[in-house]
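S.K.: So that you have it, the file is upload-v3.tsv, and it contains TSV, C-alpha atoms:
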```tsv
chain	number	residue	atom	x	y	z
A	1	TYR	CA	-4.84	5.18	13.54
A	2	ALA	CA	-5.41	8.46	15.41
A	3	LEU	CA	-9.14	7.60	15.54
A	4	ALA	CA	-8.46	4.24	17.21
A	5	TYR	CA	-7.87	5.99	20.56
A	6	ASP	CA	-11.40	7.42	20.81
A	7	LEU	CA	-13.04	4.41	19.16
A	8	ASN	CA	-11.15	2.08	21.51
A	9	SER	CA	-10.73	-0.35	18.62
A	10	ILE	CA	-7.79	-2.61	17.88
A	11	LEU	CA	-9.24	-3.23	14.40
A	12	VAL	CA	-9.14	0.47	13.50
A	13	LEU	CA	-5.58	0.61	14.81
A	14	LEU	CA	-4.50	-2.30	12.60
A	15	ILE	CA	-6.25	-0.80	9.57
A	16	GLY	CA	-4.42	2.46	10.19
A	17	ARG	CA	-1.11	0.61	10.45
A	18	LEU	CA	-1.88	-1.15	7.17
A	19	LEU	CA	-2.47	2.21	5.49
A	20	CYS	CA	0.83	3.47	6.89
A	21	GLY	CA	2.52	0.48	5.29
A	22	PHE	CA	0.92	1.32	1.93
A	23	GLY	CA	2.73	4.66	2.08
A	24	SER	CA	6.14	3.06	2.59
A	25	ALA	CA	7.31	3.14	-1.02
A	26	ARG	CA	11.05	3.58	-0.64
A	27	ALA	CA	11.79	0.74	-3.06
A	28	VAL	CA	9.63	2.42	-5.70
A	29	ASN	CA	11.46	5.71	-5.11
A	30	ARG	CA	14.82	4.04	-5.71
A	31	ARG	CA	13.53	2.43	-8.90
A	32	TYR	CA	12.22	5.81	-10.02
A	33	ILE	CA	15.68	7.34	-9.49
A	34	SER	CA	17.37	4.57	-11.46
A	35	ASP	CA	14.88	4.84	-14.34
A	36	CYS	CA	14.27	8.58	-14.73
A	37	VAL	CA	17.27	10.43	-13.27
A	38	PRO	CA	20.12	11.10	-15.76
A	39	LEU	CA	23.22	9.01	-15.21
A	40	LYS	CA	25.41	12.04	-14.48
A	41	ILE	CA	23.42	13.06	-11.38
A	42	ARG	CA	22.09	9.65	-10.36
A	43	MET	CA	24.58	9.25	-7.51
A	44	GLN	CA	23.76	12.76	-6.31
A	45	ALA	CA	20.03	12.00	-6.38
A	46	SER	CA	20.54	8.75	-4.45
A	47	ALA	CA	22.62	10.54	-1.83
A	48	GLY	CA	19.97	13.24	-1.51
A	49	PHE	CA	17.28	10.58	-1.09
A	50	VAL	CA	19.19	8.87	1.72
A	51	SER	CA	19.92	12.23	3.39
A	52	ALA	CA	16.25	13.22	3.25
A	53	SER	CA	15.26	9.88	4.81
A	54	ALA	CA	17.78	10.29	7.64
A	55	LEU	CA	16.63	13.87	8.23
A	56	GLY	CA	13.02	12.75	8.47
A	57	MET	CA	13.90	9.99	10.94
A	58	ALA	CA	15.73	12.51	13.11
A	59	PHE	CA	13.05	15.20	12.80
A	60	GLY	CA	10.18	12.85	13.64
A	61	PRO	CA	11.05	12.20	17.31
A	62	ALA	CA	11.92	15.88	17.76
A	63	LEU	CA	8.51	16.87	16.43
A	64	ALA	CA	6.84	14.30	18.69
A	65	GLY	CA	8.48	16.01	21.66
A	66	LEU	CA	6.57	19.20	20.82
A	67	LEU	CA	3.21	17.40	20.73
A	68	GLN	CA	2.99	16.67	24.47
A	69	THR	CA	-0.48	18.12	25.02
A	70	ASN	CA	-3.99	16.93	25.75
A	71	PHE	CA	-7.29	18.49	24.67
A	72	LYS	CA	-10.57	17.54	22.99
A	73	ILE	CA	-12.54	18.93	20.04
A	74	TYR	CA	-16.01	17.46	19.46
A	75	LYS	CA	-15.26	14.23	21.35
A	76	ILE	CA	-12.01	13.76	19.41
A	77	THR	CA	-8.96	13.52	21.66
A	78	PHE	CA	-5.71	15.24	20.71
A	79	ASN	CA	-2.79	14.07	22.85
A	80	GLN	CA	0.73	12.69	22.51
A	81	ASP	CA	-0.67	9.42	21.13
A	82	THR	CA	-3.08	10.80	18.51
A	83	LEU	CA	-1.46	14.09	17.46
A	84	PRO	CA	1.32	12.42	15.42
A	85	GLY	CA	-1.36	10.69	13.37
A	86	TRP	CA	-3.31	13.91	12.77
A	87	VAL	CA	-0.16	15.90	11.93
A	88	MET	CA	1.01	13.29	9.43
A	89	ALA	CA	-2.49	13.00	7.92
A	90	VAL	CA	-2.52	16.74	7.23
A	91	ALA	CA	1.08	16.64	5.95
A	92	TRP	CA	0.35	13.78	3.55
A	93	LEU	CA	-2.82	15.51	2.32
A	94	LEU	CA	-0.89	18.71	1.54
A	95	TYR	CA	1.86	16.67	-0.12
A	96	LEU	CA	-0.73	14.82	-2.22
A	97	LEU	CA	-2.23	18.10	-3.43
A	98	TRP	CA	1.24	19.47	-4.21
A	99	LEU	CA	2.12	16.28	-6.07
A	100	TRP	CA	-1.13	16.39	-8.05
A	101	ILE	CA	-0.58	19.99	-9.13
A	102	ALA	CA	3.18	20.27	-9.62
A	103	PHE	CA	4.45	16.79	-10.59
A	104	LYS	CA	5.05	15.97	-14.24
A	105	GLU	CA	6.08	12.51	-15.40
A	106	PRO	CA	9.43	12.82	-17.21
A	107	SER	CA	10.05	11.15	-20.53
A	108	ARG	CA	11.71	7.79	-20.00
A	109	GLU	CA	14.52	7.38	-22.50
A	110	ILE	CA	16.88	4.42	-22.35
A	111	GLU	CA	20.49	5.52	-22.56
A	112	GLU	CA	22.49	3.76	-25.21
A	113	ASN	CA	26.10	3.04	-24.34
A	114	HIS	CA	28.85	2.35	-26.85
A	115	VAL	CA	29.83	-1.30	-26.87
A	116	PRO	CA	33.61	-1.81	-26.56
A	117	GLN	CA	35.39	-3.66	-29.33
A	118	GLY	CA	36.92	-7.02	-28.55
A	119	SER	CA	36.16	-10.66	-28.04
A	120	ASN	CA	33.49	-9.96	-25.39
A	121	THR	CA	31.40	-7.71	-27.66
A	122	VAL	CA	28.56	-10.23	-27.88
A	123	GLU	CA	28.38	-10.71	-24.11
A	124	ASN	CA	28.42	-6.96	-23.43
A	125	ASP	CA	25.75	-6.33	-26.03
A	126	ALA	CA	23.51	-9.01	-24.53
A	127	LEU	CA	24.09	-7.64	-21.04
A	128	GLU	CA	23.16	-4.10	-22.03
A	129	LYS	CA	20.03	-5.30	-23.80
A	130	GLY	CA	19.10	-7.29	-20.71
A	131	LEU	CA	19.47	-4.20	-18.49
A	132	ALA	CA	17.08	-2.32	-20.76
A	133	GLN	CA	14.36	-4.96	-20.52
A	134	PRO	CA	11.32	-4.26	-18.31
A	135	LEU	CA	11.29	-5.61	-14.77
A	136	LEU	CA	7.85	-7.21	-15.29
A	137	LEU	CA	6.94	-9.46	-18.18
A	138	SER	CA	3.71	-9.10	-20.07
A	139	SER	CA	1.09	-11.80	-19.56
A	140	GLU	CA	1.71	-13.17	-23.07
A	141	ASP	CA	5.47	-13.38	-22.52
A	142	ASN	CA	4.96	-15.05	-19.16
A	143	GLN	CA	2.69	-17.66	-20.77
A	144	GLU	CA	5.27	-18.32	-23.47
A	145	ASP	CA	7.96	-18.86	-20.86
A	146	GLU	CA	5.79	-21.31	-18.96
A	147	ASP	CA	5.07	-23.30	-22.15
A	148	GLY	CA	8.78	-23.49	-22.92
A	149	ASP	CA	8.43	-21.58	-26.17
A	150	GLN	CA	11.81	-20.38	-27.35
A	151	GLU	CA	10.56	-17.93	-29.99
A	152	ASP	CA	11.71	-14.33	-29.91
A	153	VAL	CA	9.70	-11.92	-27.77
A	154	SER	CA	7.56	-9.46	-29.70
A	155	GLU	CA	8.76	-5.87	-29.93
A	156	GLU	CA	5.46	-4.72	-28.41
A	157	ALA	CA	6.03	-6.70	-25.21
A	158	PRO	CA	7.82	-3.91	-23.27
A	159	GLU	CA	4.99	-1.51	-24.11
A	160	GLU	CA	2.34	-4.02	-23.04
A	161	SER	CA	4.16	-4.72	-19.77
A	162	ARG	CA	3.75	-1.06	-18.79
A	163	ARG	CA	-0.02	-1.19	-19.09
A	164	PRO	CA	-1.91	-1.34	-15.78
A	165	ALA	CA	-3.16	-4.74	-14.68
A	166	THR	CA	-6.93	-5.20	-14.71
A	167	SER	CA	-7.06	-7.62	-11.76
A	168	ILE	CA	-4.94	-9.06	-8.97
A	169	GLY	CA	-4.55	-12.27	-10.96
A	170	SER	CA	-3.25	-10.49	-14.04
A	171	ALA	CA	-0.88	-8.43	-11.89
A	172	TYR	CA	0.45	-11.61	-10.27
A	173	ARG	CA	1.03	-13.23	-13.67
A	174	LEU	CA	3.20	-10.28	-14.70
A	175	LEU	CA	5.69	-11.03	-11.92
A	176	THR	CA	8.77	-13.01	-12.83
A	177	PRO	CA	10.07	-15.63	-10.35
A	178	SER	CA	13.00	-13.39	-9.40
A	179	VAL	CA	10.63	-10.52	-8.58
A	180	LYS	CA	8.48	-12.84	-6.45
A	181	VAL	CA	11.53	-13.93	-4.45
A	182	GLN	CA	12.65	-10.33	-4.01
A	183	LEU	CA	9.21	-9.25	-2.80
A	184	LEU	CA	9.17	-12.12	-0.30
A	185	ILE	CA	12.60	-11.14	1.02
A	186	TYR	CA	11.50	-7.51	1.26
A	187	PHE	CA	8.37	-8.54	3.17
A	188	MET	CA	10.33	-10.63	5.67
A	189	LEU	CA	12.84	-7.81	6.15
A	190	LYS	CA	10.12	-5.28	6.95
A	191	TYR	CA	8.29	-7.87	9.05
A	192	ALA	CA	11.33	-8.40	11.28
A	193	ILE	CA	12.05	-4.67	11.56
A	194	GLU	CA	8.47	-3.81	12.54
A	195	ILE	CA	8.45	-6.58	15.18
A	196	LEU	CA	11.60	-5.14	16.75
A	197	LEU	CA	10.22	-1.59	16.66
A	198	SER	CA	6.83	-2.58	18.07
A	199	GLU	CA	8.21	-4.75	20.87
A	200	SER	CA	11.07	-2.46	21.91
A	201	SER	CA	8.83	-0.28	24.11
A	202	VAL	CA	7.31	-3.34	25.79
A	203	ILE	CA	10.73	-4.84	26.54
A	204	THR	CA	12.24	-1.59	27.82
A	205	THR	CA	9.25	-0.96	30.07
A	206	TYR	CA	9.28	-4.48	31.51
A	207	TYR	CA	13.04	-4.91	32.01
A	208	PHE	CA	14.35	-1.38	32.48
A	209	GLY	CA	11.33	0.52	33.82
A	210	TRP	CA	11.52	3.14	31.08
A	211	SER	CA	8.40	5.22	30.48
```
Represent the structure contained in this file as structure tokens.
M.R.:
Amino acid sequence: YALAYDLNSILVLLIGRLLCGFGSARAVNRRYISDCVPLKIRMQASAGFVSASALGMAFGPALAGLLQTNFKIYKITFNQDTLPGWVMAVAWLLYLLWLWIAFKEPSREIEENHVPQGSNTVENDALEKGLAQPLLLSSEDNQEDEDGDQEDVSEEAPEESRRPATSIGSAYRLLTPSVKVQLLIYFMLKYAIEILLSESSVITTYYFGWS
């Protein structure tokens, strides 16, 4: 979106905003913590994640205050409107290279808990098995559910559900109804937040005369 200033294009600006949204993967980060971080330090990892997010939100406006300048290099303008985009583009590029070189996917092992003895042993066992199931169903399992087939799910289903989808249609068929509802709620939440953030400067300028 830093290029939209010199190109004088709303379309480029919207495309840049769309790409910024693609990088907003906080829900994936939380799922990664719940899946791969050991149970003993999971709370500590979650607290560190929230602290890092708050630190970034506080550091961002402070960094923007240092970018109050205006100059050009080869017809490309660098000012208080475009410099945040260029700085973040360089930061994300360096982070991507660091991630590519240093990151290693940890082994994902499901922790087995001891089931307490008592009358609710069956319910607890079913609950723990349900928590260990994959979030997304495989395409074959999804088709069986739609047909009303009550047969047991194959043992290979969890492994198949982790395979990458080959098309948008196959990816959509892997989503369970609960996941679809959750994604819709998440979209509406972000939609409302972005509207408030985008319109706040317009409202404060019009009603309060703030620059």
S.K.: Have a look at CA of Ala58 (chain A) and CA of Leu13 (chain A) and let me know their distance in Å, one decimal.
M.R.: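 Between CA of Ala58 (chain A) and CA of Leu13 (chain A) the gap works out to 24.5 Å.
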S.K.: Pick the closest to Asn79 (chain A) from A:Trp210, A:Phe103, A:Tyr5, A:Phe49: which is it, counting only C-alpha atoms?
M.R.: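 The closest residue to Asn79 (chain A) is A:Tyr5.
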S.K.: Could you please determine the separation between CA of Leu196 (chain A) and CA of Ser51 (chain A) in Å, to one decimal place?
M.R.: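 These atoms are spaced 23.4 Å apart.
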S.K.: Between CA of Val202 (chain A) and CA of Trp92 (chain A), what distance in Å does the model show, to one decimal?
M.R.: 28.9 Å
